[in-house]
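Trainee: The structure's right below; bear with me while I get my questions together.
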Amino acid sequence: MAIVINMPRLSDTMEEGTVAKWLKNVGDKVEEGDILAEIETDKATMEFESFNEGTLLHIGIQEGDGAPVDTLLAIIGEEGEDISALLNGASAPEAKAEEKQEETAAEPEPVASEASESVEIPEGVEIIKMPRLSDTMEEGTVASWLKKVGDKVEEGDILAEIETDKATMEFESFYSGTLLYIGTQEGESSPVDVILAIIGPEGTDVDALLASKPSTAAPKAAAAPKETATTESKAAPSAPAETKEVVANDGQRIFVSPLAKKIASEKGVNLRDVTGSGDNGRIVKKDVENFVPAPKAAAPAAKASGTGAPLALPVGEESVEDVKNNQMRKVIAKRLGESKFTAPHYYLNIEVDMDNAKASRVQINSLPDTKVSFNDMVVKACAMALRKHPQVNTSWNGDTTRYNHHISVGVAVAVEDGLVVPVLKFTDQMGLSQIGASVRDLAGKARTKKLIPAEMEGSTFTVSNLGMFGVESFTSIINQPNSAILSVGAIVEKPVVKDGQIVVGNTMKLTLACDHRTVDGATGAQFLQTLRAFIENPVTMLA
């Protein structure tokens, strides 16, 4: 059956998008995950991938044309499939209505197609779908709802907090009315474009609307959208709305509420040992709080051969737990795997004398309201070295190499669920104190999940620093589409040779990972020479 694909909302403020380029033509085969088109939003040009397989049967928006969110973008289905009903239904709703009046009851009608939604949606009702809040987001998790069913909603009100693969973001309403339906409950995840909520006039019945849209309803919400659902066929597809699934090591699925799962994790309770008292055996808060582990039987003591004395053996229980990967971890695995196995990495190492840098930092930080870290000095030095070596400030595009005439350095920041890379735009134009303040601000936002996509896009080079953890030397995976990433180790006090004498010195090891498709070995080595000169003589960065 043909699938209608609408113009997605690729940012939290996007109201319409422009098709910059189609990467598939009508008649082409499409696999799940294939890039269909490049879509220009209000913030960036992003790749839009397909979540369906089949043949591209129709393109609704041509290259260079713009259209509002939820406008027909494309149709994917089986090769040769007749989609005239979808296209005619979208263009002539009145004719469609007349045809329906003439139909007899004996003629079966399939579930209403997505293209005929305009006929069936009551006046004033708006369907809100799970938005794509980052360029790599494939599904979102509702961290919390700030409105509940029955609440009044004004345009601009925050409806919910949605966790993406990169951050937890506030999602605001673009409509006014009453919140009539919630499709994805707190703690649950849904793919992009699945029904998130419905807003409309108070008292509007949306049951018929939900029943006619099985292909876009959230899998879990579709199971029991109303408490009145009683048939076994409605309850079968999934667990209740407040339930998460955990897979035990025996392969059995355990149904548990998000709060109960959190408490179990904090108390170290193995959920497979807990008996659930909720619907369908679901484990709820009280089950975990009242759980008392069964006493373990003592293992029989073995006797040492020939002595009669007991031989003490270790006693314990093998236990594992499979924890579902969040979206950030999935995207990190996907993006870094693609980088490592598609870009031919090579690594260059140098050791830098940090004596002058340490002395300069003390002087700089003695100024009022000034605080600069060694990492800030490295970031500034990288920006200045990139200006002298533009080959390192590039991106591989297959048939072309893109030379970035601007310099924006990404700074890797470790967060609870993984790693994010906020970007300092136009880093070479920033002073040391500006870099320090910006890094602290962005790192703070990253750790509280308040970064917005625009603050994580557009890097041309990346710096990763593990020196604060005592790591002296390491290698990083290139953050594509960058051509290089610098790994910064700890400053180590050790004996060094200066002017033929062994003295106590301070050194730091740097490792540059380069994409050999764009940066040759000699180019990378020359970049490191320039970088060393800036770091070992910080005054040159202030000139």
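In the structure tokens, the first chain shown is A, the next is B, and so on; residue numbers restart at 1 for each chain, and ligands run from 1 in the order shown.
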I'd like the neighbourhood of Val423 of chain A as an NGL selection string, where a residue qualifies if any of its atoms comes within 10 Å (using only C-alpha atoms), though same-chain residues fewer than 5 positions away should be ignored.

Mentor: :A and (408-412 or 438-439 or 442 or 454-462)

Trainee: Okay, now the selection with C-alpha atoms, as a PDB file, in the first residue's frame?

Mentor:
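Heads up, here's the output in result00.pdb:
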```pdb
ATOM      1  CA  SER A 408      34.250  27.055  13.385  1.00  0.00           C
ATOM      2  CA  VAL A 409      35.808  24.739  15.966  1.00  0.00           C
ATOM      3  CA  GLY A 410      33.702  22.068  17.673  1.00  0.00           C
ATOM      4  CA  VAL A 411      34.617  21.211  21.278  1.00  0.00           C
ATOM      5  CA  ALA A 412      33.702  17.668  22.397  1.00  0.00           C
ATOM      6  CA  SER A 438      31.661  30.548  25.183  1.00  0.00           C
ATOM      7  CA  VAL A 439      33.041  27.091  25.976  1.00  0.00           C
ATOM      8  CA  LEU A 442      27.972  25.747  25.826  1.00  0.00           C
ATOM      9  CA  ALA A 454      21.957  25.379  15.790  1.00  0.00           C
ATOM     10  CA  GLU A 455      24.619  25.319  18.540  1.00  0.00           C
ATOM     11  CA  MET A 456      25.822  21.869  17.428  1.00  0.00           C
ATOM     12  CA  GLU A 457      25.939  22.401  13.669  1.00  0.00           C
ATOM     13  CA  GLY A 458      28.546  23.748  11.283  1.00  0.00           C
ATOM     14  CA  SER A 459      31.904  22.697  12.755  1.00  0.00           C
ATOM     15  CA  THR A 460      34.880  22.622  10.369  1.00  0.00           C
ATOM     16  CA  PHE A 461      37.375  21.130  12.877  1.00  0.00           C
ATOM     17  CA  THR A 462      37.043  19.446  16.284  1.00  0.00           C
TER      18      THR A 462
END
```

Trainee: Mind checking which residues fall within 10 Å of segment 52-56 of chain A, counting only C-alpha atoms, ignoring those fewer than 4 positions away in the same chain, and posting them as a list of chain:residue names?

Mentor: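 Close residues of segment 52-56 of chain A: A:Met1, A:Ala2, A:Ile3, A:Ile5, A:Lys24, A:Asn25, A:Val26, A:Gly27, A:Asp28, A:Lys29, A:Val30, A:Glu31, A:Glu32, A:Gly33, A:Asp34, A:Leu36, A:Ala74, A:Ile75, A:Ile76, A:Gly77, A:Glu78, A:Glu79, A:Gly80, A:Glu81.
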
Trainee: Excluding Asn356 of chain A and any residue of its chain fewer than 4 positions from it, enumerate the residues within 7 Å of it, using only C-alpha atoms, and give them as a ChimeraX atom specification.

Mentor: /A:360,536-537

Trainee: Keeping only N, CA and C atoms, write the selected residues to a file as a PDB file, in the first residue's frame.

Mentor:
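As a result, selection07.pdb now contains:
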```
ATOM      1  N   SER A 360      52.096  32.086  30.830  1.00  0.00           N
ATOM      2  CA  SER A 360      51.209  33.055  30.183  1.00  0.00           C
ATOM      3  C   SER A 360      49.798  32.971  30.750  1.00  0.00           C
ATOM      4  N   GLU A 536      53.375  26.972  22.104  1.00  0.00           N
ATOM      5  CA  GLU A 536      54.605  27.163  22.887  1.00  0.00           C
ATOM      6  C   GLU A 536      54.938  28.644  23.055  1.00  0.00           C
ATOM      7  N   ASN A 537      54.362  29.503  22.235  1.00  0.00           N
ATOM      8  CA  ASN A 537      54.584  30.950  22.337  1.00  0.00           C
ATOM      9  C   ASN A 537      53.239  31.664  22.319  1.00  0.00           C
TER      10      ASN A 537
END
```

Trainee: Excluding Lys445 of chain A and any residue of its chain fewer than 4 positions from it, enumerate the residues within 12 Å of it, using only C-alpha atoms, and give them as an NGL selection string.

Mentor: :A and (166-169 or 413-415 or 420-422 or 438-441 or 449-453 or 455-456)

Trainee: Pick from A:Glu163, A:Lys371, A:Asp353, A:Asp499: nearest to Asp417 of chain A, with only C-alpha atoms counted?

Mentor: A:Glu163
